[in-house]
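Note: the block below is start17.cif and it holds mmCIF, C-alpha atoms.
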```
data_input
loop_
_atom_site.label_atom_id
_atom_site.label_comp_id
_atom_site.auth_asym_id
_atom_site.auth_seq_id
_atom_site.Cartn_x
_atom_site.Cartn_y
_atom_site.Cartn_z
CA MET A 15 64.28 108.48 90.58
CA GLY A 16 68.02 108.98 90.12
CA HIS A 17 70.25 111.13 92.31
CA ALA A 18 71.16 113.99 89.99
CA LEU A 19 73.44 115.78 92.46
CA TRP A 20 75.35 112.68 93.60
CA PRO A 21 74.65 109.92 91.06
CA LEU A 22 76.79 107.35 92.87
CA TYR A 23 73.80 106.93 95.20
CA ASP A 24 72.24 105.00 92.30
CA LEU A 25 75.03 102.41 92.33
CA ARG A 26 74.22 98.89 93.57
CA VAL A 27 76.63 95.95 93.59
CA ARG A 28 75.09 92.58 94.46
CA THR A 29 76.46 89.13 95.20
CA PRO A 30 74.43 86.03 96.15
CA ASP A 31 74.28 87.21 99.79
CA LEU A 32 75.19 90.89 99.86
CA GLU A 33 74.31 94.32 98.55
CA LEU A 34 76.91 97.09 98.49
CA ARG A 35 75.87 100.74 98.12
CA LEU A 36 76.40 104.19 99.56
CA PRO A 37 74.64 104.45 102.93
CA THR A 38 72.09 107.05 103.97
CA GLU A 39 72.81 109.30 106.94
CA GLY A 40 70.63 107.07 109.12
CA GLU A 41 72.50 103.97 107.98
CA LEU A 42 75.81 105.67 108.81
CA VAL A 43 74.58 105.87 112.40
CA GLU A 44 73.78 102.14 112.33
CA LEU A 45 77.18 101.33 110.84
CA CYS A 46 78.87 103.41 113.51
CA ALA A 47 77.16 101.23 116.13
CA VAL A 48 78.36 98.09 114.33
CA ALA A 49 81.94 99.37 114.38
CA LYS A 50 81.69 100.45 118.01
CA ALA A 51 80.53 96.95 118.98
CA GLY A 52 83.83 95.58 117.67
CA VAL A 53 85.79 95.09 114.47
CA HIS A 54 88.85 93.21 115.78
CA GLY A 55 90.26 91.65 118.92
CA PRO A 56 91.94 93.83 121.56
CA ASP A 57 95.41 92.44 120.86
CA PHE A 58 95.66 93.09 117.12
CA MET A 59 95.27 96.46 115.39
CA PRO A 60 94.67 95.92 111.64
CA PHE A 61 94.57 99.64 110.73
CA ARG A 62 97.41 102.13 110.42
CA VAL A 63 95.22 104.82 111.99
CA PRO A 64 93.86 103.17 115.17
CA TRP A 65 90.41 104.72 114.87
CA THR A 66 88.74 101.84 116.67
CA ARG A 67 90.52 102.76 119.94
CA LYS A 68 88.86 106.16 120.30
CA PRO A 69 86.52 106.64 123.28
CA SER A 70 83.01 108.02 122.96
CA PRO A 71 81.97 110.57 121.78
CA GLN A 72 85.18 111.08 119.76
CA PHE A 73 84.68 107.67 118.14
CA GLU A 74 81.20 108.50 116.87
CA ARG A 75 82.04 112.02 115.73
CA GLY A 76 85.22 110.89 114.01
CA PHE A 77 83.38 108.08 112.27
CA ILE A 78 80.76 110.28 110.66
CA GLN A 79 83.23 113.11 109.91
CA HIS A 80 85.43 110.61 108.07
CA HIS A 81 82.58 109.64 105.77
CA TRP A 82 81.50 113.24 105.24
CA GLY A 83 85.12 114.01 104.37
CA LEU A 84 85.27 111.31 101.70
CA ARG A 85 82.46 113.03 99.85
CA ALA A 86 83.81 116.54 100.47
CA ASP A 87 87.25 115.63 99.07
CA TRP A 88 85.91 113.70 96.06
CA SER A 89 87.15 114.40 92.56
CA PRO A 90 87.33 112.28 89.39
CA GLU A 91 91.12 112.37 89.79
CA ARG A 92 91.14 111.08 93.36
CA TRP A 93 88.32 109.21 95.06
CA ASN A 94 87.47 106.79 97.85
CA LEU A 95 84.22 104.92 97.20
CA ALA A 96 83.04 103.69 100.60
CA LEU A 97 80.28 101.18 99.98
CA ALA A 98 78.28 99.96 102.94
CA VAL A 99 77.75 96.18 103.02
CA PHE A 100 74.26 94.83 103.72
CA HIS A 101 73.01 91.28 104.30
CA ASP A 102 69.22 90.88 104.31
CA GLY A 103 68.99 94.65 104.79
CA GLN A 104 71.28 94.64 107.85
CA PRO A 105 74.42 96.83 107.66
CA MET A 106 77.59 94.89 108.50
CA GLY A 107 80.60 97.00 107.49
CA PHE A 108 82.31 98.88 104.68
CA GLN A 109 84.16 97.94 101.53
CA HIS A 110 86.33 100.70 100.05
CA LEU A 111 87.48 101.07 96.47
CA VAL A 112 90.12 103.79 96.14
CA ALA A 113 91.85 105.27 93.09
CA GLU A 114 94.06 108.15 92.02
CA SER A 115 94.35 109.26 88.39
CA PHE A 116 92.23 106.27 87.45
CA ALA A 117 91.58 107.52 83.91
CA LEU A 118 95.31 107.10 83.19
CA VAL A 119 96.59 104.52 85.67
CA ARG A 120 93.57 102.16 85.70
CA GLU A 121 94.49 100.72 89.10
CA VAL A 122 92.53 100.59 92.35
CA HIS A 123 93.22 99.81 95.98
CA THR A 124 90.80 98.02 98.30
CA GLY A 125 90.27 98.15 102.05
CA SER A 126 87.46 97.07 104.32
CA TRP A 127 86.12 96.31 107.75
CA LEU A 128 83.39 93.98 108.95
CA GLY A 129 81.70 93.84 112.35
CA GLN A 130 83.09 90.97 114.43
CA ARG A 131 79.75 89.22 114.74
CA PHE A 132 79.59 88.93 110.94
CA GLN A 133 83.11 87.57 110.48
CA GLY A 134 83.97 83.98 109.62
CA LYS A 135 80.88 83.48 107.43
CA GLY A 136 82.35 84.12 103.99
CA PHE A 137 81.06 87.68 103.74
CA GLY A 138 84.54 89.19 103.57
CA LYS A 139 85.36 87.27 100.41
CA GLN A 140 82.05 88.19 98.76
CA MET A 141 82.34 91.90 99.51
CA ARG A 142 85.88 92.01 98.06
CA ALA A 143 84.73 90.01 95.03
CA ALA A 144 81.95 92.56 94.56
CA VAL A 145 84.22 95.60 94.26
CA LEU A 146 86.75 93.69 92.19
CA HIS A 147 84.00 92.98 89.67
CA LEU A 148 83.03 96.64 89.78
CA ALA A 149 86.64 97.67 89.16
CA PHE A 150 87.55 95.18 86.44
CA ALA A 151 84.27 94.52 84.65
CA GLY A 152 82.58 97.83 85.35
CA LEU A 153 85.41 100.37 85.17
CA GLY A 154 88.04 98.61 83.06
CA ALA A 155 90.78 98.41 85.70
CA VAL A 156 94.01 96.61 84.84
CA ALA A 157 95.07 95.83 88.43
CA ALA A 158 93.90 95.97 92.03
CA ASN A 159 96.15 96.42 95.06
CA SER A 160 95.65 95.61 98.70
CA SER A 161 97.69 95.15 101.85
CA ALA A 162 97.49 93.61 105.31
CA TYR A 163 99.75 93.41 108.32
CA ALA A 164 101.56 90.17 109.00
CA GLY A 165 99.31 88.14 111.27
CA ASN A 166 96.06 89.34 109.73
CA LEU A 167 95.27 85.84 108.51
CA ALA A 168 91.65 86.54 107.54
CA SER A 169 92.49 89.45 105.22
CA LEU A 170 95.50 87.69 103.72
CA GLY A 171 93.42 84.55 103.19
CA VAL A 172 90.74 86.48 101.29
CA SER A 173 93.36 88.11 99.06
CA ARG A 174 95.11 84.85 98.23
CA ALA A 175 91.84 83.03 97.54
CA LEU A 176 90.86 85.74 95.06
CA GLY A 177 94.13 85.49 93.16
CA TYR A 178 96.30 88.27 94.62
CA GLU A 179 100.04 87.75 94.64
CA GLU A 180 102.48 89.19 97.17
CA ASN A 181 104.16 92.34 95.88
CA GLY A 182 106.64 93.24 98.59
CA VAL A 183 106.77 94.16 102.27
CA ARG A 184 106.73 97.63 103.81
CA ARG A 185 107.75 98.40 107.40
CA VAL A 186 105.38 100.83 109.12
CA ALA A 187 104.76 102.15 112.63
CA VAL A 188 101.39 101.37 114.20
CA GLU A 189 100.72 102.50 117.77
CA SER A 190 104.49 102.99 118.24
CA VAL A 191 105.22 99.42 117.14
CA VAL A 192 107.02 98.50 113.90
CA ARG A 193 104.89 96.17 111.76
CA ASP A 194 105.40 94.40 108.45
CA GLU A 195 102.74 95.37 105.91
CA ILE A 196 102.38 92.75 103.19
CA LEU A 197 101.59 94.29 99.80
CA LEU A 198 99.36 92.36 97.39
CA ARG A 199 98.51 92.82 93.72
CA LEU A 200 95.84 91.31 91.48
CA THR A 201 96.09 91.61 87.70
CA ARG A 202 93.08 91.55 85.43
CA GLU A 203 94.09 88.12 84.13
CA ARG A 204 94.36 86.59 87.61
CA TRP A 205 91.05 88.16 88.62
CA ALA A 206 89.36 86.48 85.65
CA ALA A 207 90.86 83.13 86.67
CA HIS A 208 89.86 83.40 90.35
CA ARG A 209 86.35 84.86 90.25
CA HIS A 210 84.62 83.82 93.45
CA CYS A 211 80.90 84.36 92.83
CA GLU A 212 78.38 85.95 90.53
CA VAL A 213 78.23 89.76 90.85
CA GLU A 214 75.72 92.17 89.36
CA VAL A 215 76.23 95.94 89.04
CA PHE A 216 73.33 98.37 88.66
CA GLY A 217 73.21 102.16 88.27
CA LEU A 218 76.86 102.63 87.33
CA ASP A 219 76.42 104.62 84.12
CA SER A 220 75.18 107.80 85.78
CA GLY A 221 78.25 107.90 88.04
CA ARG A 222 80.98 107.11 85.53
CA GLU A 223 82.09 110.71 85.15
CA MET A 224 82.59 110.98 88.91
CA LEU A 225 84.92 107.97 88.76
CA GLY A 226 86.98 109.37 85.91
CA VAL A 227 85.76 106.96 83.23
#
```
Please express the file's structure as structure tokens.
Amino acid sequence: MGHALWPLYDLRVRTPDLELRLPTEGELVELCAVAKAGVHGPDFMPFRVPWTRKPSPQFERGFIQHHWGLRADWSPERWNLALAVFHDGQPMGFQHLVAESFALVREVHTGSWLGQRFQGKGFGKQMRAAVLHLAFAGLGAVAANSSAYAGNLASLGVSRALGYEENGVRRVAVESVVRDEILLRLTRERWAAHRHCEVEVFGLDSGREMLGV
């Protein structure tokens, strides 16, 4: 049975090892525990908003409020599709696909996090490849953008392997420290030439209107 009130719950994106979909409320609790167990080392903050530093219970409340807020603020003109990443039914992290005025601009931005115990196994590349396929093949995007701070070798490595090209540097303040944020851009043509793995998309049609297509 489809989800008439929020049809994006029907969406499934699958790679050889992963399934990406919207999580249930119970799975959000599990994903919160994955994030709390660790997303990055103590000496490197990969996020502009240092949400991983919050103590309990602010961490847990902020985590679930953030995801409630993404749904509450949703519109076809501006959306943040936060797909939970599962391997063999186990939740591991989130892969975001974000767009503004997608119907006109046809560009997306990606962001993600993966629990530390799941890193270094190739999952990061597959989860990015999954949403890139969704964006380009499923939604007709013309470009995808991403970014990572200098020193975030894992994220930059995934982007370069998938065909992104550097598109400038932006100086930002993170935890009162100035950092260089490397901007990356992937055109439709470079995506087609650097496809990493087979990806299947199911249940997209019922949610197209919500995504502005």
Worksheet item: Which polymer residues have any atom within 6 Å of an atom of stretch 160-177 of chain A, counting all atoms listed in the file, with same-chain residues fewer than 6 positions away left out, as a list in words?
Response: His123, Thr124, Lys139, Asp194, Glu195, Ile196, Leu197, Leu198, Arg204 and His208 of chain A
Fill in: Selection under test: the PyMOL selection byres ((chain A and resi 183-188) around 9); residues as a list in words
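With the shown file as input, the PyMOL selection byres ((chain A and resi 183-188) around 9) matches Met59, Phe61, Arg62, Val63, Pro64, Glu180, Asn181, Gly182, Glu189, Ser190, Val191, Val192, Arg193, Asp194, Glu195, Ile196 and Leu197 of chain A.
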Item to complete: In Å, rounded to a single decimal, give me how far atom CA of A:Ala144 is from atom CA of A:Thr201.
Response: 15.7 Å
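Taking atom CA of A:Trp65 and atom CA of A:Gly83 as endpoints, the distance between them is 15.0 Å.
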Worksheet entry | Hits from the PyMOL selection byres ((chain A and resi 105-116) around 6), listed as a list of chain:residue names |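 Applying the PyMOL selection byres ((chain A and resi 105-116) around 6) to the structure shown produces A:Glu91, A:Arg92, A:Trp93, A:Asn94, A:Leu95, A:Ala96, A:Leu97, A:Ala98, A:Val99, A:Phe100, A:Gln104, A:Ala117, A:Leu118, A:Val119, A:Arg120, A:Val122, A:His123, A:Thr124, A:Gly125, A:Ser126, A:Trp127, A:Leu128, A:Gly129.
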Worksheet entry | d(atom CA of A:His81, atom CA of A:Met224) in Å |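 Separation between atom CA of A:His81 and atom CA of A:Met224: 16.9 Å.
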Practice prompt. For A:Arg202, work out the shell of residues within 12 Å, counting all atoms listed in the file and skipping chain neighbours fewer than 2 positions away, then give it as a list in words.
Written response: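 That gives Arg120, Glu121, Val122, Leu146, His147, Ala149, Phe150, Ala151, Leu153, Gly154, Ala155, Val156, Ala157, Ala158, Asn159, Leu176, Gly177, Tyr178, Arg199, Leu200, Arg204, Trp205, Ala206, Ala207, His208 and Arg209 of chain A.
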With 3 Å on each side, where is the centre of the axis-aligned box around all listed atoms of stretch 109-124 of chain A, and how long are its edges in Å to one decimal, as lines of an AutoDock Vina configuration file?
```
center_x = 90.4
center_y = 103.6
center_z = 92.4
size_x = 18.4
size_y = 17.3
size_z = 24.3
```
Worksheet entry | Residue with smallest distance to A:Gln133 - pool A:Pro71, A:Gly152, A:Gly76, A:Gly55, counting all atoms listed in the file | A:Gly55
Practice prompt. May I have the protein, DNA and RNA residues with an atom at most 12 Å from (72.3, 97.5, 95.9), counting all atoms listed in the file in the file's coordinates, returned as a VMD selection string?
Written response: chain A and resid 22 to 37 97 to 103 105 144 213 to 218
Worksheet item: If we count all atoms listed in the file, what is near A:Arg75 at a cut-off of 10 Å, once residues fewer than 5 positions away on the same chain are taken out, given as a list in words?
Response: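 Within the cut-off, the hits are Cys46, Ser70 and His80 of chain A.
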